[in-house]
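Novice: This is the structure I want to talk about, given as structure tokens.
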Amino acid sequence: MDSRSFPNPYADYSGDISSAFTPTGQLTSDFANRLNSKIRELLQLMEHGLKSADPRDFTVYTGWSGIALLYLHLSEVYQDPSLLQKAREYVTRSLRYLNKRDVTFLCGDAGPYAVAAVVFHKLGSAQDADDCVNRVLQMHSTVMKLDSRLPDELLYGRMGYLYSLLFINKHFGEGKVPVCFIQEVCEIVMKSGENMAAQKRIQNQSPLMYEWYGEHYVGPAHGLAGIYYYLMQPSCHVSGETLRAFVLPSVNYVNQLKFSSGNYPPCIGDKRDLLVHWCHGAPGVIYMLIQAFKIFQDEQYLWAAAQCTDVSWHRGLLKKGYGICHGAAGNAYCFLAMYNLTHDLKYLYRACKFAEWCLDYGEHGCRTPDTPFSLFEGMAGTIYFLADMLDAANAKFPAFEI
């Protein structure tokens with residue numbers, strides 16, 4: 001048994017009637033009530049815990065703007081304006097501490113500005129919203145320097161900036177950020193990937209290649225799966241010809257790195273089948289596979305994605321905790337992604353079981369994360385997931401999925 005996870009105590013889906021949802025996929029009132037009750041309870045615990053959080057951490061990943069993003073989400077789930085005011089409080093706090101170094105959604109200045117823009121927009125503060133959007137657009141020239149040391153990945157690189165642009169358009173409507181800004185970022189990421197593939201002399205196997213701190217990471221946080229996931233998004237307007245010539249063979253290269261278990265290595269060349277997280281392993285690679293299936297309609301990607309969910313089901317209840325980056329809630333999102341693609345109740349069942357695990361928050365003897373109340377490492381991410389379970393057919397992994 002993998003020492004990084006707890007044995008899954010739940011029987012897998014057998015097609016029987018579930019106490020959590022109806023045969024049409026609607027949550028039962030009992031299960032929805034349990035989710036709502038736990039969300040209220042955890043929000044109180046989170047608010048208390050945040051009193052001792054790092055006052056200067058502005059990031060979406062572990063700081064104030066991540067909490068703001070949670071409240072923005074909750075305001076949409078519950079249609080409650082007071083939750084939007086909470087989002088405003090937290091995002092305003094985050095804007096005081098920006099470091100003017102990083103340009104990404106999760107770990108840089110672009111995320112707090114993008115979240116603030118949407119919160120102000122929803123509150124009717126058009127001028128404040130536009131000011132924040134313009135701050136994000138002003139970072140574009142920095143991102144477009146090919147000879148800079150800026151990586152291409154999601155957490156600290158160009159894709160993290162790209163997500164900020166897509167996030168703004170998702171909430172304001174296409175066109176708030178001109179398409180040319182989005183296309184230009186994709187073009188420079190492609191150029192960067194072509195250059196590295198040529199430098200490493202692997203362009204025949206993978207026409208695009210990327211690295212972060214000298215390693216070729218595979219997962220969505222620092223690696224290839226996240227980059228290809230975005231390049232395949234219709235909202236990025238990469239041409240079909242380019243997708244077939246460059247992205248498709250690169251996706252296939254990642255897919256053949258798969259272990260016999262159905263899991264994926266954290267880095268190219270790593271032979272240890274250990275990590276089953278959103279950030280490293282099958283629960284994160286699945287998003288690239290699902291998007292490849294949508295674009296190229298090849299069953300091999302659907303099959304590989306189904307294997308990812310099996311890995312997550314068997315090894316996804318992590319001793320690291322309940323968070324979304326490397327915890328049970330993040331791993332459960334791969335079931336929701338597959339449910340949204342296939343409408344197969346097996347995946348809704350699995351997501352409900354992982355939600356049940358999270359309903360017993362703190363009772364399994366998991367490790368306490370460094371930032372125990374944050375969006376990506378801690379309690380805020382679990383709350384976000386439990387709220388997404390209330391409308392499972394529209395659930396999206398926060399600050400990542402389009």
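All residue names refer to the structure tokens as shown: chains lettered A, B, ... in order, residues numbered from 1 in each chain, ligands numbered from 1 in order.
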From region 117-180 of chain A, collect each residue whose DSSP state is helix (DSSP H, G or I) and return the set as a PyMOL selection string.
Specialist: chain A and resi 117-122+126-138+140-143+158-172+179-180
Novice: Tell me which protein, DNA and RNA residues are within 10 Å of Ser3 (chain A), counting only C-alpha atoms, leaving out same-chain ones fewer than 2 positions away, and put them as a list in words.
Specialist: Met1, Ser5, Phe6, Pro7, Leu274, Arg315, Leu318 and Lys319 of chain A
Novice: May I have the residues within 10 Å of Leu69 (chain A) as a list in words, using only C-alpha atoms and disregarding those fewer than 4 positions away in the same chain?
Specialist: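 Surrounding residues, per the criterion: Val60, Trp64, Ser65, His73, Leu74, Ser75, Leu84, Lys86, Ala87, Arg88, Tyr90, Val91, Gly111, Pro112, Ala114, Val115, Ala116, Val118, Val119, Leu375, Ala380, Gly381, Tyr384, Pro398 and Ala399 of chain A.
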Novice: Given only C-alpha atoms as the basis, pick out the residue of A:Ser82, A:Asn331, A:Ser374, A:Thr342 nearest to Ile290 (chain A).
Specialist: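 Selected residue with least distance to Ile290 (chain A): A:Thr342.
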Novice: When distances are computed from only C-alpha atoms, which of A:Ile17, A:Ala11, A:Val254, A:Ala53 shows the smallest separation from Thr371 (chain A)?
Specialist: A:Ala53
Novice: How many Å lie between CA of Val179 (chain A) and CA of Ala337 (chain A), rounded to one decimal?
Specialist: 26.3 Å
Novice: Could you name the residues that touch Cys107 (chain A) at 12 Å or less, counting only C-alpha atoms, but leaving out those on the same chain fewer than 6 positions away, as an MDAnalysis selection string?
Specialist: chainID A and resid 57:66 94 98:101 113 153:161 163:164 221 375:376 399
Novice: Of the residues A:Ala110, A:Ile202, A:Leu27, A:Ala304, which is the one nearest to Leu162 (chain A), using only C-alpha atoms?
Specialist: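 Of A:Ala110, A:Ile202, A:Leu27, A:Ala304, the one nearest Leu162 (chain A) is A:Ala110, counting only C-alpha atoms.
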Novice: Quick one: residues within 9 Å of Asn394 (chain A), only C-alpha atoms counted, chain neighbours fewer than 5 positions away excluded, as a list in words?
Specialist: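 Listing them by chain and then by number gives Leu336, Asn340, Asp388 and Met389 of chain A.
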Novice: Nearest to Ala197 (chain A): which of A:Thr242, A:Phe181, A:Ser250, A:His277 is it, counting only C-alpha atoms?
Specialist: A:Ser250
Novice: Please compute the CA of Met288 (chain A)-CA of His326 (chain A) distance, one decimal, in Å.
Specialist: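 The value is 17.9 Å.
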Novice: Please list as a list in words every residue within 12 Å of His48 (chain A), counting only C-alpha atoms and excluding residues in the same chain fewer than 4 positions away.
Specialist: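 Contacts, with the query itself left out: Glu41, Leu42, Leu43, Gln44, Ser52, Ala53, Pro372, Phe373 and Met379 of chain A.
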Novice: Would you pick out the contacts of Lys176 (chain A) at 10 Å or less, using only C-alpha atoms, so that residues sharing its chain but fewer than 6 positions from it are not included, and give the list as a ChimeraX atom specification?
Specialist: /A:130,133,165-166,168-170
Novice: Rounded to one decimal, what separation in Å do you get between CA of Tyr229 (chain A) and CA of Phe400 (chain A)?
Specialist: 9.8 Å
Novice: Rank A:Met46, A:Cys186, A:Arg350, A:Ile286 by their smallest atom-to-atom distance to Val143 (chain A), using only C-alpha atoms, and report the top residue only.
Specialist: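 That would be A:Cys186, the residue with the smallest distance to Val143 (chain A).
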